[in-house]
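Below: the structure, in structure tokens.
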Amino acid sequence: MGSGWSAAGEGAEEEERRPLLRPGPGAGAGAAGRPRAPAAERVAAGPGPGPAPAPARGLAGPGRVYGRRWLVLLLFSLLAFLQGLVWNTWGPIQNSARRAYGFSSWDIALLVLWGPIGFLPCFAFMWLLDKRGLRVTVLLTSFLMVLGTGLRCIPVSSDLVIKKRLIHGGQLLNGLAGPTVMNAAPFLSTTWFSADERATATAIASMLSYLGGACAFLVGPLIVPAPNETSHLLTAESSSIHIKDRIEMVLYAEFGIVCLTFFAAIAYFPTRPPFPPSVAAASQRLSYRRSFCRLLSNLRFLMIALAYAIPLGVFAGWSGVLDLILTPVHVSQVDAGWIGFWSIVGGCIVGIAIARFADFIRGMLKLILLLLFSGATLSSTWFTLTCLNSITHLPLTTVTLYASCILLGVFLNSSVPIFFELFVETVYPVPEGITCGVVTFLSNMFMGVLLFFLTFYHTELSWFNWCLPGSCLLSLLLILCFRESYDRLYLDVVVSV
């Protein structure tokens with residue numbers, strides 16, 4: 001990463017400010033005259049295993065950050081938000097989609113499944129991010145989203161077979177945008193933000209994709225009526241046409257917003273700032289091939305990667321078909337939408353708050369994850385047993401469903417940015433995009449396997465609910481056995497003071 005930094009122009013100096021990192025005790029005036037040990041020697045004394053990367057030449061001081069970093073973060077977060085919104089279009093309105101387009105349960109599951117399928121070329125996007133940087137990768141991603149949302153809007157309502165194929169194709173193209181919006185958040189935060197803002201920036205960029213999926217729970221059911229809400233007013237044919245018109249209204253709106261975001265990225269989305277914001281941002285990274293060798297041979301990374309991939313993959317698949325899961329317990333489409341919405345929104349808010357807290361108290365990522373997954377295990381068990389009220393005799397009410405689902409979403413979704421930061425710290429100097437790409441690929445692989453089974457075993461879904469507490473408990477045990485290290489943070493603190 002460090003070799004590509006360009007020299008700053010005169011105009012860029014006005015935007016610079018010192019990062020929030022406070023100087024260490026040896027950085028005062030009295031330390032100015034003392035000779036400094038070579039950076040490589042100081043970093044080699046750190047707690048992490050393996051050789052530390054040499055800082056790139058030309059990094060003056062502890063780093064510089066620019067006000068424009070928030071605009072870059074806003075554009076990327078908006079793109080991630082829209083990708084999640086488009087991916088989760090059909091799950092919250094699955095009953096309406098059945099009436100309008102003749103979708104079956106297999107079609108609904110497949111529409112959600114296109115998300116993890118889109119992660120199959122994940123390693124190509126990781127290579128592109130590592131070699132070409134953020135701008136090229138983001139522009140390609142947003143272009144795929146434009147094609148995907150546009151494909152769904154092609155007016156062929158007279159032939160439902162062709163229309164369904166276009167919708168499936170559009171969802172696949174949107175799924176191909178998933179690797180970038182899910183993997184590039186730590187890369188963006190390292191490239192543009194100082195060490196004490198990285199976790200916060202990672203949380204914002206990664207959580208907005210989940211927030212997009214949450215808004216689909218809200219937008220879809222509020223705009224698209226459920227079949228039982230129109231049947232008493234209209235005939236079956238008129239009801240189908242009315243529902244289809246409302247669905248197409250949502251599709252056109254999503255296409256327009258995606259196009260605006262694409263043009264905004266073309267107008268301004270730089271690859272990197274003129275100066276790196278930290279020592280770690282300017283340091284040399286491992287090559288693409290060596291990175292994979294390092295990751296696959298690191299048992300600690302594989303352990304924490306599975307702790308992330310299994311429960312988050314199960315939860316993502318479960319959230320995508322939440323309406324289908326709650327239908328047997330007589331929960332309406334609107335109520336299921338509100339439950340999904342608040343569970344993800346709560347996780348996004350708490351996740352950003354916890355990430356900001358982690359920026360202030362460094363070196364506590366493992367403890368935070370242990371607390372979050374203890375809560376996730378308890379809340380998922382509560383929800384699963386509540387749905388089996390005929391056996392457990394627990395009260396099955398709207399309040400208990402709301403409380404258990406929202407708590408589950410808060411605990412699991414808020415763990416995502418903490419996991420991402422811990423991944424990067426554990427395997428540094430492996431590039432952030434490659435590290436997070438591997439773990440999100442694993443997560444989507446688990447989600448894809450579950451949704452694949454769902455296409456065959458969709459008549460009785462209690463087995464899907466039991467996957468939640470089982471995966472959370474397994475992750476909790478893996479985190480307990482994990483030994484944490486903070487190689488990237490140590491490099492920043494030691495070399496910049």
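Within each chain, counting starts at residue 1; across the structure tokens, chains are named A, B, ... in the order shown, with ligands numbered 1 upward in that order.
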Checklist entry - Within 9 Å of A:Pro116, counting only C-alpha atoms, which residues qualify if same-chain residues fewer than 5 places away don't, as a PyMOL selection string? => result chain A and resi 175-176+178+441+443-448
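For A:Ser462, the set of protein, DNA and RNA residues having any atom at most 8 Å away, when counting only C-alpha atoms and skipping those fewer than 3 positions along the same chain, is Thr384, Asn465 and Trp466 of chain A.
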File of the preceding selection, N, CA, C and O atoms, as a compact mmCIF listing (two decimals), in the first residue's frame:
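Written file, selection00.txt:
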```txt
# COMPACT_ATOMS: atom_id res chain seq x y z
N THR A 384 -35.78 -19.22 19.62
CA THR A 384 -36.05 -20.56 19.12
C THR A 384 -37.04 -21.29 20.02
O THR A 384 -37.98 -21.95 19.53
N ASN A 465 -34.15 -22.31 12.75
CA ASN A 465 -34.05 -21.56 14.00
C ASN A 465 -33.01 -22.15 14.95
O ASN A 465 -32.30 -21.41 15.64
N TRP A 466 -32.91 -23.48 14.98
CA TRP A 466 -31.93 -24.11 15.88
C TRP A 466 -30.49 -23.86 15.42
O TRP A 466 -29.56 -23.98 16.23
```
Checklist entry - So which residues touch A:Glu425 within 6 Å, counting only C-alpha atoms, skipping near sequence neighbours fewer than 3 positions away, as a PyMOL selection string? => result chain A and resi 422+428+486-488
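Among the candidates A:Phe423, A:Gln83, A:Cys467, A:Phe453, the one nearest to A:Leu295 when counting only C-alpha atoms is A:Phe423.
Atom pair atom CA of A:Leu73 / atom CA of A:Cys436: separated by 17.7 Å.
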Next on the checklist: I want to know what sits within 6 Å of A:Phe262, based on only C-alpha atoms, with residues of the same chain fewer than 3 positions away left out; could you give that as a PyMOL selection string?
Outcome noted: chain A and resi 142+259+265
Output N, CA and C atoms of each residue in that selection to a file, as a PDB file, in the first residue's frame.
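As a result, again.pdb now contains:
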```
ATOM      1  N   SER A 142     -20.259  -0.197  -8.522  1.00  0.00           N
ATOM      2  CA  SER A 142     -21.461   0.609  -8.730  1.00  0.00           C
ATOM      3  C   SER A 142     -22.037   0.405 -10.127  1.00  0.00           C
ATOM      4  N   CYS A 259     -28.234   4.886  -9.778  1.00  0.00           N
ATOM      5  CA  CYS A 259     -27.634   5.663 -10.866  1.00  0.00           C
ATOM      6  C   CYS A 259     -27.018   6.959 -10.342  1.00  0.00           C
ATOM      7  N   ALA A 265     -19.862   8.829  -7.747  1.00  0.00           N
ATOM      8  CA  ALA A 265     -18.563   8.165  -7.622  1.00  0.00           C
ATOM      9  C   ALA A 265     -17.656   8.486  -8.799  1.00  0.00           C
TER      10      ALA A 265
END
```
Next on the checklist: From the options A:Gly337, A:Gly133, A:Pro273, A:Gly409, which residue's atoms come nearest to A:Thr89, counting only C-alpha atoms?
Outcome noted: A:Gly337
